Amino acid sequence: MLWSDLLTGMFLGILLLPIIYNLGLYLAMRGEFLIWFSVRALAAAVMVIASTDLWLGSALADPTARRMIEIVALDIGVAVCALFLLSYVEAGTLSAGMRRWLHRAPWLVFATTPLALFLDHVDLLARGRHVVLMGVIVLLAAGVVQALKRGSRAARFHVVAWLLILGSSAVAVGHEILFNAELEIWIELIILALTVEIIFTSIGVSDRVIMLKRERDAARLAEREKTRAAETDPLTGVFNRRGLDMRFDAARRSGPVALAIVDLDHFKAVNDRFGHDIGDEALQAAAAALSGGERIVARLGGEEFAILTSGSLRELDAARAAIPEVVAERVPALPIRVSASMGLTRPGPDDSLTTALKRADQALYHAKATGRDRTVDADLPSQAAVESGMDEDAPRRAA
C-alpha cells in the first residue's frame with residue numbers, strides 16, 4: 001500500500017467521526033456551526049477522494065469528471081468556512097463590516113466555480129479565480145484574528161486549526177498564480193493540513209458546545225428565577241395572586257380541589273402595638289403553618305392568604321388551627337396569640353378563580369361574624385363551621 005493511500009484512509013476515518021458526532025449534537029443543541037462543520041468535513045472528504053484513486057475504481061475513471069468533482073468540493077469547503085466562522089465565534093466578536101464580507105464570501109467563491117469547470121484553459125480567467133480565492137483566504141484569516149482580538153474563546157482554537165490549512169491553501173494558490181501550475185505535493189499537503197484542522201476544530205467545537213450549554217442553562221435558570229419572582233410574594237415566600245392564578249386550572253384538572261381564604265384575626269392590632277417588623281415575622285410564620293403537603297399557598301395581600309388543595313378539609317382546618325402555635329414558636333417577641341379564620345369552597349367546573357375566591361370570601365366573612373378562629377364551608381347549606389377553634393376569650397400566653 002502506498003503512503004498516500006494510507007494517509008488518505010486515515011484522513012477519511014478521522015473525518016467520519018466528527019460528521020456523525022456533530023450531526024448528533026445538532027439535534028440537541030441546534031448550533032448552526034455544527035451543520036457547517038459537517039458540510040465542510042464532507043466536502044473535504046469528497047475532494048480528497050476525487051483527487052486519488054482510493055475506492056473509486058472505474059466508477060469515475062474519467063479524469064475530467066474527477067477534476068470537476070474536486071473543484072466543486074473545494075469551493076464548497078472554502079465557502080462554508082465563512083458561514084462556519086460567522087456562526088461559530090461568539091456574538092460581538094466580529095465587526096458589522098467583517099460579517100458583511102463573510103456573508104459575501106460564498107457568493108464570491110461560487111461565482112468563480114464555472115471558470116474552473118469550463119474555462120480553466122483561459123489563462124487570465126484562471127488567474128482571476130485564484131486571486132478571488134486568495135482574497136477569501138485572507139478574509140477568513142482576518143476574521144479569526146479580529147475575533148481573537150475581541151476576546152473570542154472559540155477563535156483561540158481556530159488560530160491553531162486554520163493556521164496550517166490557510167497557510168497551505170495560500171501556498172498552493174500562490175504557486176498557481178506565480179507559475180500557472182498546480183503544486184506537485186498539493187494533495188499530500190492539504191490532507192495533512194485538513195487532518196490537523198479537523199482535529200483542532202473538533203476540540204474547539206466541543207468546547208463551544210460546552211460553553212453554549214452553560215450559557216443556555218444559565219439563561220433557563222435566570223428565566224425560571226424571573227418567573228418565580230413574578231409569581232412569589234417576596235415577604236413570605238409563598239405564591240402571590242398571579243402564582244395562584246397560574247396553577248388554578250391545572251390543579252382543578254388533576255381532581256377535586258378545595259379553595260380557602262385565611263385571614264389573621266385582629267392583625268391590625270399586632271402592627272399597631274408591636275410594629276410592622278414583628279407583624280412581618282408573624283406573617284412569615286403563618287405562611288409556614290399553612291404550607292405543606294399538597295397545599296398551594298398564596299398571599300393575596302395584607303394578612304390574607306389563599307390555599308388550593310386536593311387534601312381533606314380536616315387537614316386544611318388543621319393547618320389554619322396550627323397558626324397560633326407556629327407564630328408563638330417563631331415570633332417569641334410577640335406576646336399575644338394570633339389566630340386565623342377561614343372560609344372555603346369547592347370550585348365547580350364553571351368557576352373561575354375570581355368567582356371561587358368570592359364565594360370563599362363570603363364564607364370567611366361568616367367565620368369572622370360568628371366568633372373568628374374557625375373555618376366555615378361555603379358549600380354547606382347553613383355555612384356551618386367545619387371545626388371551631390378556640391373562642392376569642394381564650395387565655396393568651398404570657399410574654
# chains A, B, ... in the order shown; residues from 1 in each chain; ligands from 1

call {"tool": "select_by_dssp", "arguments": {"residues": "range 54-178 of chain A", "states": "alpha helix (DSSP H)", "output": "ChimeraX atom specification"}}
result
/A:63-88,96-118,123-149,153-178

call {"tool": "residues_around", "arguments": {"residues": "Thr375 in chain A", "least_positions_apart": "5", "cutoff": "12 Å", "atoms": "only C-alpha atoms", "output": "ChimeraX atom specification"}}
result
/A:260-263,313-321,339-345,360-370,380,383-390

call {"tool": "write_last_selection", "arguments": {"atoms": "N, CA and C atoms", "output": "compact mmCIF listing (two decimals), in the first residue's frame"}}
result
# COMPACT_ATOMS: atom_id res chain seq x y z
N ALA A 260 -59.55 27.89 49.78
CA ALA A 260 -59.84 28.55 51.06
C ALA A 260 -59.17 29.91 51.11
N ILE A 261 -59.81 30.82 51.84
CA ILE A 261 -59.19 32.11 52.17
C ILE A 261 -59.00 32.15 53.68
N VAL A 262 -57.78 32.47 54.10
CA VAL A 262 -57.44 32.54 55.52
C VAL A 262 -57.06 33.97 55.84
N ASP A 263 -57.62 34.50 56.92
CA ASP A 263 -57.32 35.86 57.35
C ASP A 263 -56.95 35.84 58.83
N LEU A 313 -60.53 18.35 54.04
CA LEU A 313 -60.90 19.60 54.70
C LEU A 313 -60.38 19.63 56.13
N ARG A 314 -60.33 18.47 56.77
CA ARG A 314 -59.82 18.43 58.14
C ARG A 314 -58.35 18.83 58.19
N GLU A 315 -57.55 18.37 57.18
CA GLU A 315 -56.15 18.78 57.10
C GLU A 315 -56.03 20.28 56.87
N LEU A 316 -56.93 20.81 56.06
CA LEU A 316 -56.93 22.24 55.78
C LEU A 316 -57.22 23.04 57.03
N ASP A 317 -58.20 22.61 57.78
CA ASP A 317 -58.54 23.31 59.01
C ASP A 317 -57.44 23.14 60.05
N ALA A 318 -56.76 21.98 60.05
CA ALA A 318 -55.67 21.76 60.99
C ALA A 318 -54.51 22.72 60.73
N ALA A 319 -54.27 23.01 59.44
CA ALA A 319 -53.23 23.97 59.10
C ALA A 319 -53.58 25.35 59.62
N ARG A 320 -54.85 25.74 59.46
CA ARG A 320 -55.29 27.04 60.00
C ARG A 320 -55.15 27.06 61.51
N ALA A 321 -55.57 25.98 62.17
CA ALA A 321 -55.54 25.93 63.63
C ALA A 321 -54.12 25.90 64.19
N SER A 339 -54.59 34.18 66.02
CA SER A 339 -55.42 33.12 65.45
C SER A 339 -55.82 33.52 64.02
N ALA A 340 -56.56 32.64 63.36
CA ALA A 340 -56.96 32.90 61.97
C ALA A 340 -58.34 32.32 61.71
N SER A 341 -59.06 32.96 60.81
CA SER A 341 -60.36 32.48 60.36
C SER A 341 -60.24 32.04 58.91
N MET A 342 -61.11 31.08 58.52
CA MET A 342 -61.02 30.53 57.17
C MET A 342 -62.41 30.35 56.57
N GLY A 343 -62.52 30.69 55.31
CA GLY A 343 -63.71 30.37 54.53
C GLY A 343 -63.30 29.53 53.34
N LEU A 344 -64.03 28.46 53.08
CA LEU A 344 -63.61 27.56 52.00
C LEU A 344 -64.77 27.19 51.09
N THR A 345 -64.41 26.74 49.89
CA THR A 345 -65.39 26.30 48.91
C THR A 345 -64.75 25.26 48.01
N ALA A 360 -65.52 31.87 48.64
CA ALA A 360 -64.74 31.58 49.85
C ALA A 360 -64.67 32.80 50.75
N ASP A 361 -64.61 33.98 50.14
CA ASP A 361 -64.55 35.21 50.93
C ASP A 361 -65.85 35.44 51.70
N GLN A 362 -66.97 35.07 51.11
CA GLN A 362 -68.25 35.18 51.82
C GLN A 362 -68.28 34.25 53.02
N ALA A 363 -67.72 33.05 52.86
CA ALA A 363 -67.65 32.11 54.00
C ALA A 363 -66.70 32.65 55.06
N LEU A 364 -65.61 33.29 54.64
CA LEU A 364 -64.68 33.90 55.60
C LEU A 364 -65.39 34.98 56.40
N TYR A 365 -66.18 35.78 55.73
CA TYR A 365 -66.93 36.83 56.43
C TYR A 365 -67.84 36.21 57.49
N HIS A 366 -68.46 35.08 57.14
CA HIS A 366 -69.35 34.40 58.09
C HIS A 366 -68.54 33.88 59.28
N ALA A 367 -67.31 33.35 59.02
CA ALA A 367 -66.46 32.87 60.10
C ALA A 367 -66.06 34.01 61.03
N LYS A 368 -65.78 35.18 60.46
CA LYS A 368 -65.43 36.34 61.28
C LYS A 368 -66.64 36.79 62.11
N ALA A 369 -67.81 36.78 61.49
CA ALA A 369 -69.02 37.27 62.16
C ALA A 369 -69.49 36.35 63.26
N THR A 370 -69.10 35.09 63.20
CA THR A 370 -69.59 34.13 64.20
C THR A 370 -68.54 33.76 65.24
N LEU A 380 -71.76 24.21 52.42
CA LEU A 380 -72.75 23.58 53.30
C LEU A 380 -73.99 24.47 53.35
N GLN A 383 -73.81 27.12 55.92
CA GLN A 383 -72.47 27.70 56.09
C GLN A 383 -71.94 27.37 57.48
N ALA A 384 -72.03 26.08 57.83
CA ALA A 384 -71.62 25.65 59.17
C ALA A 384 -70.11 25.58 59.27
N ALA A 385 -69.62 25.67 60.50
CA ALA A 385 -68.19 25.55 60.74
C ALA A 385 -67.74 24.10 60.57
N VAL A 386 -66.60 23.92 59.90
CA VAL A 386 -66.04 22.58 59.77
C VAL A 386 -65.57 22.10 61.13
N GLU A 387 -64.86 22.95 61.82
CA GLU A 387 -64.40 22.61 63.18
C GLU A 387 -64.06 23.92 63.87
N SER A 388 -64.74 24.25 64.96
CA SER A 388 -64.49 25.51 65.66
C SER A 388 -63.17 25.45 66.39
N GLY A 389 -62.46 26.57 66.39
CA GLY A 389 -61.23 26.65 67.15
C GLY A 389 -61.51 27.26 68.51
N MET A 390 -60.48 27.80 69.12
CA MET A 390 -60.65 28.44 70.42
C MET A 390 -61.43 29.72 70.25

call {"tool": "closest_residue", "arguments": {"among": "A:Ala172, A:Ile137, A:Ala91, A:Ala287", "to": "Ser152 in chain A", "atoms": "only C-alpha atoms"}}
result
A:Ala91

call {"tool": "closest_residue", "arguments": {"among": "A:Leu221, A:Val270, A:Val327, A:Ala251", "to": "Ile307 in chain A", "atoms": "only C-alpha atoms"}}
result
A:Ala251

call {"tool": "residues_around", "arguments": {"residues": "Glu303 in chain A", "least_positions_apart": "2", "cutoff": "10 Å", "atoms": "only C-alpha atoms", "output": "list in words"}}
result
Val262, Asp263, Leu264, Asp265, His266, Phe267, Lys268, Gly279, Asp280, Ala282, Leu283, Ala286, Ala287, Arg299, Leu300, Gly301, Phe305 and Ala340 of chain A

call {"tool": "residues_around", "arguments": {"residues": "Leu235 in chain A", "least_positions_apart": "2", "cutoff": "8 Å", "atoms": "only C-alpha atoms", "output": "PyMOL selection string"}}
result
chain A and resi 233+237+280+284

call {"tool": "closest_residue", "arguments": {"among": "A:Leu115, A:Ala154, A:Met47, A:Val238", "to": "Asp207 in chain A", "atoms": "only C-alpha atoms"}}
result
A:Ala154
